[in-house]
file start.pdb (PDB, C-alpha atoms and all ligand atoms)
ATOM      1  CA  MET G 211     106.967 115.322  75.521
ATOM      2  CA  PHE G 212     103.635 116.958  76.123
ATOM      3  CA  ASP G 213     104.852 120.364  77.268
ATOM      4  CA  SER G 214     107.870 121.932  78.904
ATOM      5  CA  PHE G 215     106.820 120.853  82.414
ATOM      6  CA  SER G 216     106.422 117.246  81.379
ATOM      7  CA  GLU G 217     109.825 117.408  79.681
ATOM      8  CA  LEU G 218     111.376 118.419  82.992
ATOM      9  CA  TYR G 219     109.350 115.710  84.692
ATOM     10  CA  ALA G 220     110.555 113.109  82.183
ATOM     11  CA  ASP G 221     114.146 114.203  82.797
ATOM     12  CA  GLN G 222     113.627 113.527  86.496
ATOM     13  CA  LEU G 223     112.212 110.052  85.788
ATOM     14  CA  LYS G 224     115.316 109.291  83.733
ATOM     15  CA  LEU G 225     117.611 110.700  86.419
ATOM     16  CA  ILE G 226     115.959 108.641  89.157
ATOM     17  CA  THR G 227     116.140 105.415  87.148
ATOM     18  CA  ASP G 228     119.712 106.098  86.130
ATOM     19  CA  ALA G 229     120.786 106.747  89.735
ATOM     20  CA  LEU G 230     119.135 103.512  90.919
ATOM     21  CA  ASP G 231     120.718 101.568  88.053
ATOM     22  CA  GLN G 232     124.151 102.976  88.861
ATOM     23  CA  ALA G 233     123.698 101.874  92.474
ATOM     24  CA  GLY G 234     122.760  98.338  91.383
ATOM     25  CA  ILE G 235     119.142  98.661  92.513
ATOM     26  CA  ASN G 236     116.855  96.867  90.074
ATOM     27  CA  ASN G 237     113.720  98.914  89.505
ATOM     28  CA  VAL G 238     110.582  99.469  87.498
ATOM     29  CA  LEU G 239     108.079 102.340  87.539
ATOM     30  CA  TRP G 240     104.566 101.480  88.593
ATOM     31  CA  GLY G 241     101.176 102.934  89.354
ATOM     32  CA  HIS G 242      99.826 106.381  88.722
ATOM     33  CA  VAL G 243     102.939 107.647  86.982
ATOM     34  CA  ILE G 244     102.401 105.070  84.203
ATOM     35  CA  GLU G 245      98.621 105.414  84.104
ATOM     36  CA  ARG G 246      98.829 109.190  83.794
ATOM     37  CA  PHE G 247     101.669 109.045  81.289
ATOM     38  CA  LEU G 248      99.499 106.950  78.963
ATOM     39  CA  GLU G 249      96.769 109.572  79.355
ATOM     40  CA  GLU G 250      99.182 112.313  78.266
ATOM     41  CA  HIS G 251      99.549 113.692  81.761
ATOM     42  CA  VAL G 252     102.021 113.620  84.613
ATOM     43  CA  SER G 253     101.216 112.276  88.065
ATOM     44  CA  SER G 254     101.571 114.004  91.417
ATOM     45  CA  GLY G 255     103.743 111.143  92.697
ATOM     46  CA  ILE G 256     106.333 108.757  91.266
ATOM     47  CA  GLU G 257     106.099 105.109  92.336
ATOM     48  CA  CYS G 258     108.909 102.669  91.871
ATOM     49  CA  ILE G 259     109.150  98.942  92.676
ATOM     50  CA  ILE G 260     112.473  97.622  93.963
ATOM     51  CA  HIS G 261     113.632  94.354  95.486
ATOM     52  CA  ASP G 262     112.851  93.695  99.134
ATOM     53  CA  GLY G 263     115.282  95.191 101.603
ATOM     54  CA  MET G 264     116.582  97.812  99.157
ATOM     55  CA  ALA G 265     114.422 100.761 100.211
ATOM     56  CA  GLU G 266     116.977 102.358 102.525
ATOM     57  CA  LYS G 267     119.703 102.126  99.913
ATOM     58  CA  ALA G 268     117.331 103.471  97.256
ATOM     59  CA  CYS G 269     116.486 106.502  99.430
ATOM     60  CA  GLN G 270     120.167 107.170 100.166
ATOM     61  CA  THR G 271     120.948 106.886  96.454
ATOM     62  CA  LEU G 272     118.330 109.440  95.489
ATOM     63  CA  LEU G 273     119.305 111.787  98.315
ATOM     64  CA  ALA G 274     122.849 111.675  96.975
ATOM     65  CA  ALA G 275     121.400 112.467  93.531
ATOM     66  CA  GLY G 276     119.865 115.688  94.852
ATOM     67  CA  LEU G 277     116.432 114.626  96.069
ATOM     68  CA  GLU G 278     115.307 115.598  99.555
ATOM     69  CA  PRO G 279     114.199 113.685 102.644
ATOM     70  CA  CYS G 280     110.590 114.050 103.752
ATOM     71  CA  LYS G 281     109.983 116.985 106.033
ATOM     72  CA  TYR G 282     106.208 116.735 106.280
ATOM     73  CA  GLY G 283     105.833 113.871 108.751
ATOM     74  CA  GLU G 284     102.406 112.334 108.813
ATOM     75  CA  GLU G 285     100.986 115.269 106.896
ATOM     76  CA  CYS G 286     102.922 114.147 103.838
ATOM     77  CA  PRO G 287     100.611 113.119 100.984
ATOM     78  CA  ALA G 288     102.946 110.163 100.385
ATOM     79  CA  THR G 289     102.285 108.670 103.800
ATOM     80  CA  ARG G 290      98.867 109.997 104.563
ATOM     81  CA  HIS G 291      96.571 107.093 105.077
ATOM     82  CA  ARG G 292      93.803 106.859 102.580
ATOM     83  CA  GLN G 293      91.077 104.327 102.815
ATOM     84  CA  ASP G 294      91.754 102.936  99.372
ATOM     85  CA  ARG G 295      95.521 103.010  99.203
ATOM     86  CA  PRO G 296      98.289 101.094 100.950
ATOM     87  CA  ASP G 297     101.425 102.934 102.114
ATOM     88  CA  ALA G 298     104.751 102.771 100.336
ATOM     89  CA  VAL G 299     107.691 101.304 102.257
ATOM     90  CA  ALA G 300     109.794 104.497 101.967
ATOM     91  CA  HIS G 301     109.886 107.731 100.047
ATOM     92  CA  VAL G 302     111.878 110.867  99.294
ATOM     93  CA  HIS G 303     110.892 114.094  97.545
ATOM     94  CA  LEU G 304     111.658 115.950  94.380
ATOM     95  CA  GLU G 305     111.691 119.431  95.832
ATOM     96  CA  ALA G 306     109.560 122.219  94.491
ATOM     97  CA  THR G 307     112.726 123.969  93.318
ATOM     98  CA  THR G 308     113.268 121.164  90.802
ATOM     99  CA  LEU G 309     109.853 121.088  89.138
ATOM    100  CA  GLY G 310     107.929 123.970  90.644
ATOM    101  CA  CYS G 311     105.904 121.574  92.767
ATOM    102  CA  ASP G 312     106.784 118.939  95.326
ATOM    103  CA  ILE G 313     106.624 115.364  93.993
ATOM    104  CA  PRO G 314     107.136 112.385  96.306
ATOM    105  CA  VAL G 315     109.100 109.424  94.961
ATOM    106  CA  MET G 316     107.749 106.310  96.655
ATOM    107  CA  PHE G 317     109.234 102.844  96.859
ATOM    108  CA  TRP G 318     107.386  99.542  96.976
ATOM    109  CA  GLU G 319     108.976  96.204  97.695
ATOM    110  CA  LYS G 320     108.606  93.622  94.967
ATOM    111  CA  SER G 321     107.076  90.988  97.224
ATOM    112  CA  SER G 322     104.213  93.326  98.133
ATOM    113  CA  LEU G 323     103.070  93.784  94.529
ATOM    114  CA  LEU G 324     104.865  91.487  92.083
ATOM    115  CA  TRP G 325     105.639  88.344  94.052
ATOM    116  CA  ALA G 326     104.687  86.161  91.088
ATOM    117  CA  PHE G 327     106.890  88.012  88.596
ATOM    118  CA  PRO G 328     110.503  87.445  87.511
ATOM    119  CA  GLU G 329     113.452  89.555  88.718
ATOM    120  CA  LEU G 330     113.083  93.273  88.226
ATOM    121  CA  PRO G 331     115.137  94.710  85.364
ATOM    122  CA  SER G 332     118.608  96.049  86.130
ATOM    123  CA  SER G 333     118.749  98.044  82.874
ATOM    124  CA  PRO G 334     116.312  98.969  80.095
ATOM    125  CA  PRO G 335     114.717  95.674  79.034
ATOM    126  CA  SER G 336     114.932  94.404  75.483
ATOM    127  CA  SER G 337     111.825  94.834  73.343
ATOM    128  CA  ASP G 338     111.054  91.098  73.511
ATOM    129  CA  ASP G 339     111.142  90.863  77.307
ATOM    130  CA  PRO G 340     107.881  89.109  78.282
ATOM    131  CA  TYR G 341     107.268  91.203  81.415
ATOM    132  CA  TYR G 342     109.055  94.541  81.288
ATOM    133  CA  MET G 343     109.450  97.161  78.575
ATOM    134  CA  PRO G 344     111.330 100.373  78.028
ATOM    135  CA  ILE G 345     109.057 103.419  78.221
ATOM    136  CA  ARG G 346     109.009 104.300  74.558
ATOM    137  CA  ILE G 347     105.541 105.202  73.307
ATOM    138  CA  PRO G 348     104.774 106.211  69.707
ATOM    139  CA  TRP G 349     103.190 109.621  69.308
ATOM    140  CA  THR G 350     100.466 108.031  67.222
ATOM    141  CA  TYR G 351      99.235 106.242  70.350
ATOM    142  CA  TYR G 352      98.211 109.634  71.704
ATOM    143  CA  ARG G 353      96.341 110.517  68.539
ATOM    144  CA  ASN G 354      93.024 109.371  69.943
ATOM    145  CA  ALA G 355      93.734 110.703  73.399
ATOM    146  CA  ALA G 356      94.103 114.333  72.234
ATOM    147  CA  THR G 357      90.714 115.935  71.890
ATOM    148  CA  PRO G 358      90.336 118.568  69.154
ATOM    149  CA  ALA G 359      89.847 121.241  71.832
ATOM    150  CA  LYS G 360      93.021 120.212  73.585
ATOM    151  CA  ALA G 361      94.934 120.026  70.336
ATOM    152  CA  ALA G 362      93.707 123.472  69.277
ATOM    153  CA  ARG G 363      94.640 124.899  72.640
ATOM    154  CA  GLY G 364      98.074 123.383  72.669
ATOM    155  CA  HIS G 365      99.130 123.768  69.087
ATOM    156  CA  ARG G 366      96.735 126.213  67.413
ATOM    157  CA  ALA G 367      96.228 123.736  64.631
ATOM    158  CA  SER G 368      93.551 121.320  63.524
ATOM    159  CA  SER G 369      93.614 117.886  65.116
ATOM    160  CA  ALA G 370      94.205 116.366  61.684
ATOM    161  CA  ALA G 371      97.340 118.438  61.237
ATOM    162  CA  VAL G 372      98.453 117.589  64.749
ATOM    163  CA  ASN G 373      97.919 113.901  64.105
ATOM    164  CA  ALA G 374      99.838 114.070  60.831
ATOM    165  CA  SER G 375     102.756 115.787  62.495
ATOM    166  CA  ARG G 376     102.652 113.329  65.397
ATOM    167  CA  SER G 377     102.910 110.319  63.133
ATOM    168  CA  GLN G 378     106.246 111.587  61.859
ATOM    169  CA  ARG G 379     107.744 112.248  65.249
ATOM    170  CA  PRO G 380     110.000 109.757  66.993
ATOM    171  CA  PRO G 381     108.401 107.973  69.964
ATOM    172  CA  ILE G 382     108.382 109.551  73.395
ATOM    173  CA  ASP G 383     111.374 107.921  74.983
ATOM    174  CA  LEU G 384     111.864 107.853  78.730
ATOM    175  CA  THR G 385     114.616 105.236  78.801
ATOM    176  CA  PRO G 386     116.336 104.134  80.939
ATOM    177  CA  ALA G 387     112.997 104.333  82.816
ATOM    178  CA  ARG G 388     110.894 101.227  82.289
ATOM    179  CA  MET G 389     107.474  99.872  83.095
ATOM    180  CA  LEU G 390     105.637  96.600  83.220
ATOM    181  CA  LYS G 391     104.090  95.731  79.872
ATOM    182  CA  PRO G 392     100.460  96.878  80.141
ATOM    183  CA  VAL G 393      99.154  93.314  79.892
ATOM    184  CA  LYS G 394     101.432  92.408  82.809
ATOM    185  CA  ILE G 395     100.125  95.379  84.801
ATOM    186  CA  VAL G 396      96.679  93.845  84.357
ATOM    187  CA  GLU G 397      98.100  90.473  85.417
ATOM    188  CA  ALA G 398      99.660  92.008  88.537
ATOM    189  CA  LEU G 399      96.387  93.718  89.439
ATOM    190  CA  ILE G 400      94.465  90.447  89.112
ATOM    191  CA  TRP G 401      97.039  88.755  91.390
ATOM    192  CA  LEU G 402      96.556  91.577  93.894
ATOM    193  CA  MET G 403      92.783  91.348  93.692
ATOM    194  CA  CYS G 404      92.976  87.618  94.362
ATOM    195  CA  ARG G 405      95.364  88.180  97.281
ATOM    196  CA  ASP G 406      93.246  90.888  98.877
ATOM    197  CA  ARG G 407      89.693  89.978  97.978
ATOM    198  CA  ASN G 408      87.805  89.181 101.117
ATOM    199  CA  PRO G 409      86.196  85.791 100.432
ATOM    200  CA  ASN G 410      83.509  86.280 103.049
ATOM    201  CA  GLU G 411      82.056  89.582 102.014
ATOM    202  CA  GLY G 412      81.515  91.901  99.105
ATOM    203  CA  LEU G 413      84.127  94.206  97.678
ATOM    204  CA  GLU G 414      85.628  96.047 100.626
ATOM    205  CA  CYS G 415      86.290  99.744 100.501
ATOM    206  CA  GLY G 416      89.965  98.948 100.942
ATOM    207  CA  TRP G 417      92.725  97.616  98.761
ATOM    208  CA  GLU G 418      90.361  95.583  96.573
ATOM    209  CA  HIS G 419      88.499  98.745  95.793
ATOM    210  CA  ARG G 420      91.748 100.406  94.761
ATOM    211  CA  TRP G 421      92.910  97.505  92.567
ATOM    212  CA  GLN G 422      89.509  97.193  90.930
ATOM    213  CA  LYS G 423      89.399 100.895  90.141
ATOM    214  CA  VAL G 424      92.804 100.685  88.490
ATOM    215  CA  LEU G 425      91.814  97.533  86.597
ATOM    216  CA  ASP G 426      88.766  99.377  85.270
ATOM    217  CA  SER G 427      91.046 102.088  83.908
ATOM    218  CA  TRP G 428      93.086  99.420  82.063
ATOM    219  CA  VAL G 429      89.897  97.976  80.592
ATOM    220  CA  GLN G 430      89.413 101.446  79.076
ATOM    221  CA  LYS G 431      93.007 101.785  77.903
ATOM    222  CA  ALA G 432      93.515  98.276  76.505
ATOM    223  CA  PRO G 433      91.840  98.702  73.080
ATOM    224  CA  GLY G 434      93.848 101.858  72.299
ATOM    225  CA  LEU G 435      97.076 100.226  73.443
ATOM    226  CA  ALA G 436      96.323  97.075  71.454
ATOM    227  CA  LYS G 437      95.996  99.122  68.238
ATOM    228  CA  HIS G 438      99.597 100.187  68.670
ATOM    229  CA  GLY G 439     100.953  96.792  69.621
ATOM    230  CA  LEU G 440     101.255  97.809  73.269
ATOM    231  CA  PHE G 441      98.721  95.369  74.686
ATOM    232  CA  CYS G 442      98.535  91.730  73.702
ATOM    233  CA  ARG G 443      95.674  89.900  75.393
ATOM    234  CA  ASN G 444      97.224  86.521  74.619
ATOM    235  CA  GLU G 445     100.245  87.339  76.763
ATOM    236  CA  LEU G 446      98.069  87.366  79.874
ATOM    237  CA  ARG G 447      98.503  84.373  82.189
ATOM    238  CA  PRO G 448      96.060  81.868  80.630
ATOM    239  CA  GLY G 449      94.179  81.234  83.889
ATOM    240  CA  PHE G 450      93.418  84.961  84.129
ATOM    241  CA  LEU G 451      91.872  85.281  80.665
ATOM    242  CA  PRO G 452      88.265  84.394  81.610
ATOM    243  CA  LEU G 453      88.242  87.086  84.293
ATOM    244  CA  TRP G 454      89.849  89.680  82.004
ATOM    245  CA  ASP G 455      87.454  88.898  79.175
ATOM    246  CA  TYR G 456      84.565  89.206  81.617
ATOM    247  CA  LEU G 457      85.833  92.618  82.781
ATOM    248  CA  CYS G 458      86.074  93.670  79.123
ATOM    249  CA  GLY G 459      82.403  92.855  78.599
ATOM    250  CA  GLY G 460      82.829  89.421  77.054
ATOM    251  CA  GLU G 461      79.877  87.962  78.965
ATOM    252  CA  GLY G 462      77.500  90.811  78.329
ATOM    253  CA  GLU G 463      75.839  92.232  81.387
ATOM    254  CA  GLN G 464      78.089  92.455  84.450
ATOM    255  CA  THR G 465      76.576  91.844  87.847
ATOM    256  CA  PRO G 466      78.046  91.854  91.383
ATOM    257  CA  GLU G 467      77.297  88.120  91.577
ATOM    258  CA  LYS G 468      79.226  87.298  88.400
ATOM    259  CA  HIS G 469      82.051  89.561  89.495
ATOM    260  CA  ARG G 470      82.296  87.864  92.871
ATOM    261  CA  ALA G 471      82.085  84.376  91.371
ATOM    262  CA  HIS G 472      84.936  85.118  88.949
ATOM    263  CA  TYR G 473      87.262  86.401  91.652
ATOM    264  CA  LEU G 474      86.466  83.854  94.292
ATOM    265  CA  GLY G 475      86.793  80.998  91.784
ATOM    266  CA  LEU G 476      90.201  82.208  90.687
ATOM    267  CA  GLN G 477      91.258  82.983  94.247
ATOM    268  CA  ALA G 478      90.361  79.459  95.407
ATOM    269  CA  LYS G 479      92.315  77.960  92.511
ATOM    270  CA  LEU G 480      95.404  80.061  93.251
ATOM    271  CA  ARG G 481      95.202  79.299  96.958
ATOM    272  CA  ALA G 482      95.002  75.589  96.171
ATOM    273  CA  GLU G 483      98.149  75.973  94.049
ATOM    274  CA  ASN G 484      99.818  77.784  96.946
ATOM    275  CA  ALA G 485     100.436  80.656  94.544
ATOM    276  CA  LEU G 486      99.186  83.466  96.775
ATOM    277  CA  PRO G 487     101.385  84.821  99.572
ATOM    278  CA  SER G 488     100.775  82.993 102.820
ATOM    279  CA  SER G 489     102.064  85.832 104.959
ATOM    280  CA  PRO G 490      99.306  87.947 106.460
ATOM    281  CA  GLN G 491      98.364  90.918 104.383
ATOM    282  CA  PRO G 492      99.025  94.390 105.730
ATOM    283  CA  LYS G 493      96.252  95.323 108.065
ATOM    284  CA  ARG G 494      93.106  96.663 106.521
ATOM    285  CA  ARG G 495      91.750  99.794 108.071
ATOM    286  CA  THR G 496      88.153  99.920 109.088
ATOM    287  CA  VAL G 497      85.924 102.845 108.275
ATOM    288  CA  GLU G 498      85.974 103.724 111.994
ATOM    289  CA  GLU G 499      89.774 103.886 112.027
ATOM    290  CA  ILE G 500      89.801 106.086 108.972
ATOM    291  CA  GLU G 501      87.258 108.409 110.516
ATOM    292  CA  HIS G 502      89.188 108.464 113.780
ATOM    293  CA  GLU G 503      92.319 109.551 111.926
ATOM    294  CA  ASN G 504      90.457 112.246 110.065
ATOM    295  CA  TRP G 505      89.188 113.472 113.411
ATOM    296  CA  LYS G 506      92.696 113.455 114.910
ATOM    297  CA  ARG G 507      94.005 115.402 111.934
ATOM    298  CA  TYR G 508      91.236 117.932 112.376
ATOM    299  CA  GLN G 509      92.097 118.273 116.077
ATOM    300  CA  LYS G 510      95.737 118.925 115.217
ATOM    301  CA  PHE G 511      94.632 121.476 112.649
ATOM    302  CA  VAL G 512      92.520 123.210 115.288
ATOM    303  CA  LYS G 513      95.397 123.175 117.772
ATOM    304  CA  ARG G 514      97.736 124.571 115.191
ATOM    305  CA  TYR G 515      95.575 127.470 114.094
ATOM    306  CA  SER G 516      93.527 128.394 117.155
ATOM    307  CA  GLY G 517      95.395 131.416 118.467
ATOM    308  CA  ASN G 518      97.191 130.927 121.767
ATOM    309  CA  THR G 519      97.167 127.139 121.812
ATOM    310  CA  PRO G 520     100.793 126.081 121.394
ATOM    311  CA  TRP G 521     101.451 123.858 118.411
ATOM    312  CA  ILE G 522     101.894 120.311 119.625
ATOM    313  CA  GLU G 523     103.913 118.134 117.302
ATOM    314  CA  GLU G 524     102.653 114.790 118.582
ATOM    315  CA  ASP G 525      99.831 113.690 120.827
TER     316      ASP G 525
HETATM  317 ZN    ZN Z 601     107.057 112.941 102.424
END
call {"tool": "encode", "arguments": {"input": "start.pdb", "output": "structure tokens"}}
result
Amino acid sequence: MFDSFSELYADQLKLITDALDQAGINNVLWGHVIERFLEEHVSSGIECIIHDGMAEKACQTLLAAGLEPCKYGEECPATRHRQDRPDAVAHVHLEATTLGCDIPVMFWEKSSLLWAFPELPSSPPSSDDPYYMPIRIPWTYYRNAATPAKAARGHRASSAAVNASRSQRPPIDLTPARMLKPVKIVEALIWLMCRDRNPNEGLECGWEHRWQKVLDSWVQKAPGLAKHGLFCRNELRPGFLPLWDYLCGGEGEQTPEKHRAHYLGLQAKLRAENALPSSPQPKRRTVEEIEHENWKRYQKFVKRYSGNTPWIEED
């Protein structure tokens, strides 16, 4: 792995996946943990998708495996409302004693993110699975990601020497942990954009904003992944290709109007096919609500630290 901390971190990812597998809870890693991993970093939270209704069992399983229940209440970074991020259905914590810092492990239900996808994997998927893949990344993939400065700092060697030594190393292997194939992550994000895009207005500073930001990061990653056989454009759902190609610059200049037309066109088509969830989406929070919560948090902070005022747990 990248350093001794990320080795410990990787061990925890394997342990978590293994415990869920042993308990018969199908699972796949998702989100920041994968994005950061492909950038040669570790994330401050671990996100895992499981089947609907399995969150309680998943939490109990990980508690039995040595993780800890949340003790931070609404101050927990895993539950704290952010304007551009939905909340996970449940979470537990890797305690600071395990890794030296507290890392929440968050669960998402499949229907909230991957409703259009096949069953989640119950074990490391085979290499020809069309949707899921074992997390096994060749060191050469990271060749371009390591800047000379970073390489010199980490290894006291020239980047050329580092690259040569990397090409001979076995891939970074996090199995049994698995991920969606990167092209299927893009597909999932386009589904989510189409589900959450407000047809009446511009891009809201809400979930759409979040999905679009993540999609942009995959536009950046895709060429590097493709060079190593980790991203195959042709495996994207055919109806999504025009939008993806547009996002990758295939139509030249990108404008808000073109962007909107692409999404709303695709959204209308998917709605007509009854392919988007009909259940109401989780409530969007308005800017006023977000500000109100920030204000409430500030008030609690003031109460907590202003001398004689007794600390009040709840309003
Ligand atoms: Zn927590």
call {"tool": "residues_near_ligand", "arguments": {"input": "start.pdb", "ligand": "ligand ZN 601 (chain Z)", "cutoff": "12 Å", "atoms": "only C-alpha atoms and all ligand atoms", "output": "PyMOL selection string"}}
result
chain G and resi 255-256+269+277-290+297-305+312-317
call {"tool": "atom_distance", "arguments": {"input": "start.pdb", "atom1": "atom CA of G:Ser321", "atom2": "atom CA of G:Pro487"}}
result
8.7 Å
call {"tool": "atom_distance", "arguments": {"input": "start.pdb", "atom1": "atom CA of G:Pro344", "atom2": "atom CA of G:His242"}}
result
16.8 Å
call {"tool": "resolve_selection", "arguments": {"input": "start.pdb", "expression": "the PyMOL selection byres (((chain G and resi 271) around 10) and not hetatm)", "output": "ChimeraX atom specification"}}
result
/G:226,229-233,235,265-270,272-277
call {"tool": "residues_around", "arguments": {"input": "start.pdb", "residues": "G:Gln422", "least_positions_apart": "4", "cutoff": "8 Å", "atoms": "only C-alpha atoms", "output": "list in words"}}
result
Leu399, Met403, Glu418 and Asp426 of chain G
call {"tool": "atom_distance", "arguments": {"input": "start.pdb", "atom1": "atom CA of G:Val393", "atom2": "atom CA of G:Leu451"}}
result
10.9 Å
call {"tool": "residues_around", "arguments": {"input": "start.pdb", "residues": "G:Ile347", "least_positions_apart": "5", "cutoff": "10 Å", "atoms": "only C-alpha atoms", "output": "mmCIF file with C-alpha atoms, in the coordinates of the input"}}
result
data_model
loop_
_atom_site.group_PDB
_atom_site.id
_atom_site.type_symbol
_atom_site.label_atom_id
_atom_site.label_comp_id
_atom_site.auth_asym_id
_atom_site.auth_seq_id
_atom_site.Cartn_x
_atom_site.Cartn_y
_atom_site.Cartn_z
ATOM 1 C CA PHE G 247 101.669 109.045 81.289
ATOM 2 C CA LEU G 248 99.499 106.950 78.963
ATOM 3 C CA TYR G 352 98.211 109.634 71.704
ATOM 4 C CA PRO G 380 110.000 109.757 66.993
ATOM 5 C CA PRO G 381 108.401 107.973 69.964
ATOM 6 C CA ILE G 382 108.382 109.551 73.395
ATOM 7 C CA ASP G 383 111.374 107.921 74.983
ATOM 8 C CA LEU G 384 111.864 107.853 78.730
ATOM 9 C CA LEU G 435 97.076 100.226 73.443
ATOM 10 C CA HIS G 438 99.597 100.187 68.670
ATOM 11 C CA LEU G 440 101.255 97.809 73.269
#
call {"tool": "resolve_selection", "arguments": {"input": "start.pdb", "expression": "the PyMOL selection byres (((chain G and resi 453) around 9) and not hetatm)", "output": "ChimeraX atom specification"}}
result
/G:400,449-452,454-458,469,472-473,476
call {"tool": "residues_around", "arguments": {"input": "start.pdb", "residues": "G:Leu446", "least_positions_apart": "6", "cutoff": "10 Å", "atoms": "all atoms listed in the file", "output": "PyMOL selection string"}}
result
chain G and resi 392-398+454
call {"tool": "write_last_selection", "arguments": {"input": "start.pdb", "atoms": "C-alpha atoms", "output": "PDB file, in the coordinates of the input"}}
result
ATOM      1  CA  PRO G 392     100.460  96.878  80.141  1.00  0.00           C
ATOM      2  CA  VAL G 393      99.154  93.314  79.892  1.00  0.00           C
ATOM      3  CA  LYS G 394     101.432  92.408  82.809  1.00  0.00           C
ATOM      4  CA  ILE G 395     100.125  95.379  84.801  1.00  0.00           C
ATOM      5  CA  VAL G 396      96.679  93.845  84.357  1.00  0.00           C
ATOM      6  CA  GLU G 397      98.100  90.473  85.417  1.00  0.00           C
ATOM      7  CA  ALA G 398      99.660  92.008  88.537  1.00  0.00           C
ATOM      8  CA  TRP G 454      89.849  89.680  82.004  1.00  0.00           C
TER       9      TRP G 454
END
call {"tool": "resolve_selection", "arguments": {"input": "start.pdb", "expression": "the PyMOL selection byres (((chain G and resi 240) around 8) and not hetatm)", "output": "ChimeraX atom specification"}}
result
/G:238-239,241-244,256-259,389-390
call {"tool": "residues_around", "arguments": {"input": "start.pdb", "residues": "G:Leu324", "least_positions_apart": "2", "cutoff": "9 Å", "atoms": "only C-alpha atoms", "output": "list of chain:residue names"}}
result
G:Ile259, G:Glu319, G:Lys320, G:Ser321, G:Ser322, G:Ala326, G:Phe327, G:Pro328, G:Ala398, G:Trp401, G:Leu402
call {"tool": "closest_residue", "arguments": {"input": "start.pdb", "among": "G:Asp221, G:Ser332, G:Thr385, G:Val429", "to": "G:Gly460", "atoms": "only C-alpha atoms"}}
result
G:Val429
call {"tool": "closest_residue", "arguments": {"input": "start.pdb", "among": "G:Glu250, G:Glu483, G:Asp213, G:Glu329", "to": "G:Trp349", "atoms": "only C-alpha atoms"}}
result
G:Glu250
